[in-house]
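The next block holds one structure in the form of structure tokens; read it before the comments.
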Amino acid sequence: MTTDDTPLTDLDRVFNGFSVDDLDAAEAFYRDVLGVPVERDDEPMGLLQLRLGNRQVLVYPKGEAHRPASYTVLNFPTDDVLRTVRALADRGVEFLRYDGMPQDDLGVVTSGEGPPIAWFADPAGNVHSVIELGPEPGGGDDSINETAGVGPGPG
């Protein structure tokens, strides 16, 4: 996508990234626990590329300078949040609890406004979610923007 009215002309290739304190621990977590395809580039500064469908997310090392993101960095959509949370819990993922949030025994918010959602942290403390999304209006793919309206989460 290119437009003539903005200096940002290659919006289809926009990507994001976040930092971790330990690249090896992050690689093992995303690849082995979450099952995300991960590519590692050791040169020049070393980073990971998470392959999320047609998207890539860069994960870069900051060592002791890393500060975990307290907001939701990545939202992982699912058709069945309870099944997904149970499967991830069986792999050792611990789900976060927030005061004042109506969470069930698994840590899933299933009441209130918005879709069912549960939050967890990676080894570096960055917050992510598993969120149940319905089909986009009009029968298209899942849409986080129109169906969920997910913002930064409770944190």
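Each chain in the structure tokens gets a letter, A, B, ..., in the order shown, and its residues are numbered from 1; ligands are numbered from 1 in order too.
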Considering only C-alpha atoms, give me a table of residues in range 14-115 of chain A that are at most 10 Å from range 124-133 of chain A, with the closest atom pair and distance in Å for each, as a Markdown table.
| residue | atom | partner | partner_atom | distance |
| --- | --- | --- | --- | --- |
| A:Phe18 | CA | A:Asn126 | CA | 8.5 |
| A:Ser19 | CA | A:Ala124 | CA | 8.2 |
| A:Val20 | CA | A:Ala124 | CA | 5.2 |
| A:Asp21 | CA | A:Ala124 | CA | 5.8 |
| A:Asp22 | CA | A:Ala124 | CA | 7.1 |
| A:Leu23 | CA | A:Ala124 | CA | 9.1 |
| A:Ala25 | CA | A:Ala124 | CA | 8.2 |
| A:Ala26 | CA | A:Ala124 | CA | 7.3 |
| A:Gly63 | CA | A:Ala124 | CA | 9.8 |
| A:His66 | CA | A:Ala124 | CA | 8.1 |
| A:Arg67 | CA | A:Gly125 | CA | 8.2 |
| A:Pro68 | CA | A:Asn126 | CA | 4.8 |
| A:Ala69 | CA | A:Asn126 | CA | 4.7 |
| A:Ser70 | CA | A:Val127 | CA | 5.9 |
| A:Tyr71 | CA | A:Val127 | CA | 6.0 |
| A:Thr72 | CA | A:Val127 | CA | 4.9 |
| A:Val73 | CA | A:His128 | CA | 5.5 |
| A:Leu74 | CA | A:His128 | CA | 4.9 |
| A:Asn75 | CA | A:Ser129 | CA | 4.7 |
| A:Phe76 | CA | A:Val130 | CA | 4.8 |
| A:Pro77 | CA | A:Ile131 | CA | 4.9 |
| A:Thr78 | CA | A:Glu132 | CA | 4.9 |
| A:Asp79 | CA | A:Glu132 | CA | 5.4 |
| A:Asp80 | CA | A:Glu132 | CA | 5.9 |
| A:Val81 | CA | A:Glu132 | CA | 5.2 |
| A:Leu82 | CA | A:Glu132 | CA | 8.7 |
| A:Thr84 | CA | A:Val130 | CA | 7.6 |
| A:Val85 | CA | A:Val130 | CA | 7.3 |
| A:Leu88 | CA | A:Val130 | CA | 9.8 |
| A:Phe95 | CA | A:Ser129 | CA | 9.1 |
| A:Leu96 | CA | A:Val127 | CA | 8.8 |
| A:Val108 | CA | A:Val130 | CA | 9.0 |
| A:Val109 | CA | A:Ile131 | CA | 9.6 |
| A:Thr110 | CA | A:Glu132 | CA | 9.8 |
| A:Gly114 | CA | A:Glu132 | CA | 9.5 |
| A:Pro115 | CA | A:Glu132 | CA | 5.9 |
File dump, residues just selected, C-alpha atoms, as a PDB file, in the first residue's frame:
ATOM      1  CA  PHE A  18      10.038  -5.683  21.500  1.00  0.00           C
ATOM      2  CA  SER A  19      12.979  -6.370  23.751  1.00  0.00           C
ATOM      3  CA  VAL A  20      13.942  -9.225  26.048  1.00  0.00           C
ATOM      4  CA  ASP A  21      16.705  -9.659  28.567  1.00  0.00           C
ATOM      5  CA  ASP A  22      17.714 -13.193  27.466  1.00  0.00           C
ATOM      6  CA  LEU A  23      17.507 -14.092  23.771  1.00  0.00           C
ATOM      7  CA  ALA A  25      15.233 -18.025  26.904  1.00  0.00           C
ATOM      8  CA  ALA A  26      12.951 -16.069  24.562  1.00  0.00           C
ATOM      9  CA  GLY A  63      20.206  -7.465  28.553  1.00  0.00           C
ATOM     10  CA  HIS A  66      15.402  -4.474  29.330  1.00  0.00           C
ATOM     11  CA  ARG A  67      12.183  -3.328  30.995  1.00  0.00           C
ATOM     12  CA  PRO A  68       9.189  -5.619  30.433  1.00  0.00           C
ATOM     13  CA  ALA A  69       6.195  -4.242  28.601  1.00  0.00           C
ATOM     14  CA  SER A  70       3.331  -4.083  31.099  1.00  0.00           C
ATOM     15  CA  TYR A  71       0.772  -3.688  28.315  1.00  0.00           C
ATOM     16  CA  THR A  72      -0.275  -6.440  25.904  1.00  0.00           C
ATOM     17  CA  VAL A  73       2.461  -6.742  23.279  1.00  0.00           C
ATOM     18  CA  LEU A  74       0.992  -9.608  21.229  1.00  0.00           C
ATOM     19  CA  ASN A  75      -2.572 -10.914  21.079  1.00  0.00           C
ATOM     20  CA  PHE A  76      -2.837 -14.539  19.930  1.00  0.00           C
ATOM     21  CA  PRO A  77      -6.322 -15.146  18.492  1.00  0.00           C
ATOM     22  CA  THR A  78      -8.021 -18.508  18.968  1.00  0.00           C
ATOM     23  CA  ASP A  79     -11.418 -20.058  18.268  1.00  0.00           C
ATOM     24  CA  ASP A  80     -11.532 -21.594  21.763  1.00  0.00           C
ATOM     25  CA  VAL A  81      -9.735 -19.638  24.480  1.00  0.00           C
ATOM     26  CA  LEU A  82     -10.442 -22.196  27.222  1.00  0.00           C
ATOM     27  CA  THR A  84      -5.945 -22.955  24.231  1.00  0.00           C
ATOM     28  CA  VAL A  85      -5.305 -21.768  27.792  1.00  0.00           C
ATOM     29  CA  LEU A  88      -0.585 -23.707  27.174  1.00  0.00           C
ATOM     30  CA  PHE A  95      -1.556 -17.012  33.330  1.00  0.00           C
ATOM     31  CA  LEU A  96      -1.618 -13.616  34.982  1.00  0.00           C
ATOM     32  CA  VAL A 108      -9.704 -16.296  31.632  1.00  0.00           C
ATOM     33  CA  VAL A 109     -12.029 -13.297  31.605  1.00  0.00           C
ATOM     34  CA  THR A 110     -15.313 -14.698  30.294  1.00  0.00           C
ATOM     35  CA  GLY A 114     -15.312  -7.930  25.161  1.00  0.00           C
ATOM     36  CA  PRO A 115     -14.323 -11.425  24.106  1.00  0.00           C
TER      37      PRO A 115
END
Apply DSSP to the backbone of this structure and, from chain A, keep only the residues in helix (DSSP H, G or I); write these as an MDAnalysis selection string. chainID A and resid 11:13 23:33 63:65 81:90 144:148
Restricting the output to N, CA and C atoms, write the selected residues as a short mmCIF file (atom, residue, chain, number, x, y, z; two decimals), in the first residue's frame.
data_model
loop_
_atom_site.label_atom_id
_atom_site.label_comp_id
_atom_site.auth_asym_id
_atom_site.auth_seq_id
_atom_site.Cartn_x
_atom_site.Cartn_y
_atom_site.Cartn_z
N LEU A 11 3.45 1.00 3.80
CA LEU A 11 2.75 0.59 5.01
C LEU A 11 2.48 -0.92 5.06
N ASP A 12 2.46 -1.60 3.92
CA ASP A 12 2.25 -3.05 3.93
C ASP A 12 3.43 -3.79 4.55
N ARG A 13 4.56 -3.14 4.66
CA ARG A 13 5.76 -3.80 5.20
C ARG A 13 6.11 -3.33 6.61
N LEU A 23 17.94 -13.64 25.09
CA LEU A 23 17.51 -14.09 23.77
C LEU A 23 17.34 -15.61 23.72
N ASP A 24 18.21 -16.36 24.38
CA ASP A 24 18.09 -17.82 24.38
C ASP A 24 16.80 -18.27 25.06
N ALA A 25 16.47 -17.67 26.20
CA ALA A 25 15.23 -18.02 26.90
C ALA A 25 14.01 -17.64 26.07
N ALA A 26 14.06 -16.49 25.41
CA ALA A 26 12.95 -16.07 24.56
C ALA A 26 12.78 -17.02 23.39
N GLU A 27 13.88 -17.40 22.76
CA GLU A 27 13.81 -18.32 21.63
C GLU A 27 13.17 -19.65 22.04
N ALA A 28 13.61 -20.20 23.14
CA ALA A 28 13.06 -21.47 23.61
C ALA A 28 11.58 -21.34 23.95
N PHE A 29 11.18 -20.25 24.60
CA PHE A 29 9.79 -20.04 24.97
C PHE A 29 8.89 -19.94 23.74
N TYR A 30 9.23 -19.06 22.83
CA TYR A 30 8.37 -18.86 21.66
C TYR A 30 8.33 -20.09 20.77
N ARG A 31 9.48 -20.74 20.56
CA ARG A 31 9.54 -21.90 19.69
C ARG A 31 8.97 -23.15 20.37
N ASP A 32 9.48 -23.48 21.56
CA ASP A 32 9.18 -24.77 22.18
C ASP A 32 7.89 -24.77 23.00
N VAL A 33 7.57 -23.67 23.65
CA VAL A 33 6.36 -23.62 24.48
C VAL A 33 5.15 -23.16 23.69
N GLY A 63 19.50 -7.09 27.34
CA GLY A 63 20.21 -7.47 28.55
C GLY A 63 19.62 -6.81 29.78
N GLU A 64 20.48 -6.29 30.65
CA GLU A 64 20.03 -5.68 31.89
C GLU A 64 19.24 -4.39 31.69
N ALA A 65 19.34 -3.79 30.51
CA ALA A 65 18.59 -2.55 30.23
C ALA A 65 17.13 -2.84 29.89
N VAL A 81 -10.72 -20.13 23.52
CA VAL A 81 -9.74 -19.64 24.48
C VAL A 81 -9.54 -20.61 25.64
N LEU A 82 -10.58 -21.26 26.10
CA LEU A 82 -10.44 -22.20 27.22
C LEU A 82 -9.55 -23.38 26.85
N ARG A 83 -9.77 -23.95 25.69
CA ARG A 83 -8.95 -25.07 25.21
C ARG A 83 -7.49 -24.63 25.04
N THR A 84 -7.30 -23.46 24.46
CA THR A 84 -5.94 -22.95 24.23
C THR A 84 -5.23 -22.67 25.54
N VAL A 85 -5.92 -22.06 26.49
CA VAL A 85 -5.31 -21.77 27.79
C VAL A 85 -4.93 -23.07 28.50
N ARG A 86 -5.81 -24.06 28.46
CA ARG A 86 -5.48 -25.35 29.09
C ARG A 86 -4.24 -25.98 28.44
N ALA A 87 -4.19 -25.94 27.12
CA ALA A 87 -3.04 -26.53 26.41
C ALA A 87 -1.75 -25.80 26.76
N LEU A 88 -1.79 -24.47 26.82
CA LEU A 88 -0.58 -23.71 27.17
C LEU A 88 -0.21 -23.92 28.64
N ALA A 89 -1.19 -24.02 29.52
CA ALA A 89 -0.91 -24.29 30.93
C ALA A 89 -0.24 -25.65 31.08
N ASP A 90 -0.67 -26.63 30.28
CA ASP A 90 -0.03 -27.95 30.31
C ASP A 90 1.43 -27.88 29.86
N ILE A 144 -9.38 -8.41 14.82
CA ILE A 144 -9.13 -7.91 16.17
C ILE A 144 -9.64 -6.49 16.32
N ASN A 145 -9.66 -5.73 15.27
CA ASN A 145 -10.09 -4.34 15.36
C ASN A 145 -11.59 -4.21 15.56
N GLU A 146 -12.37 -4.94 14.76
CA GLU A 146 -13.80 -4.77 14.82
C GLU A 146 -14.47 -5.69 15.83
N THR A 147 -13.97 -6.90 16.00
CA THR A 147 -14.62 -7.85 16.89
C THR A 147 -14.22 -7.64 18.33
N ALA A 148 -12.92 -7.47 18.57
CA ALA A 148 -12.45 -7.45 19.94
C ALA A 148 -12.28 -6.05 20.50
#
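Near Leu58 in chain A, within a cut-off of 7 Å and counting only C-alpha atoms, sit the residues A:Asn16, A:Gly17, A:Phe18, A:Leu47, A:Leu48, A:Gln49, A:Leu50, with same-chain residues fewer than 4 positions away left out.
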Just to be explicit: take each residue in the selection above, keep N, CA and C atoms, and write the result as a PDB file, in the first residue's frame.
ATOM      1  N   ASN A  16       6.709  -4.706  13.844  1.00  0.00           N
ATOM      2  CA  ASN A  16       6.992  -4.232  15.191  1.00  0.00           C
ATOM      3  C   ASN A  16       7.995  -5.157  15.862  1.00  0.00           C
ATOM      4  N   GLY A  17       8.415  -4.752  17.037  1.00  0.00           N
ATOM      5  CA  GLY A  17       9.359  -5.544  17.795  1.00  0.00           C
ATOM      6  C   GLY A  17       9.302  -5.159  19.253  1.00  0.00           C
ATOM      7  N   PHE A  18       9.934  -5.967  20.078  1.00  0.00           N
ATOM      8  CA  PHE A  18      10.038  -5.683  21.500  1.00  0.00           C
ATOM      9  C   PHE A  18      11.307  -6.330  22.023  1.00  0.00           C
ATOM     10  N   LEU A  47      19.142 -11.117  16.964  1.00  0.00           N
ATOM     11  CA  LEU A  47      17.723 -10.920  17.208  1.00  0.00           C
ATOM     12  C   LEU A  47      16.969 -12.135  16.738  1.00  0.00           C
ATOM     13  N   LEU A  48      15.723 -12.207  17.156  1.00  0.00           N
ATOM     14  CA  LEU A  48      14.817 -13.260  16.723  1.00  0.00           C
ATOM     15  C   LEU A  48      13.764 -12.655  15.820  1.00  0.00           C
ATOM     16  N   GLN A  49      13.299 -13.447  14.891  1.00  0.00           N
ATOM     17  CA  GLN A  49      12.142 -13.070  14.089  1.00  0.00           C
ATOM     18  C   GLN A  49      11.060 -14.105  14.346  1.00  0.00           C
ATOM     19  N   LEU A  50       9.972 -13.652  14.947  1.00  0.00           N
ATOM     20  CA  LEU A  50       8.814 -14.518  15.139  1.00  0.00           C
ATOM     21  C   LEU A  50       7.993 -14.456  13.866  1.00  0.00           C
TER      22      LEU A  50
END
From a backbone DSSP assignment, name each residue in range 79-139 of chain A labelled strand (DSSP E or B), as a ChimeraX atom specification. /A:95,103,109,117-121,127-132,135-136
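Pairwise distance (CA of Asp42 in chain A, CA of Asp122 in chain A) equals 20.7 Å.
Interatomic distance, CA of Leu34 in chain A against CA of Tyr60 in chain A: 17.9 Å.
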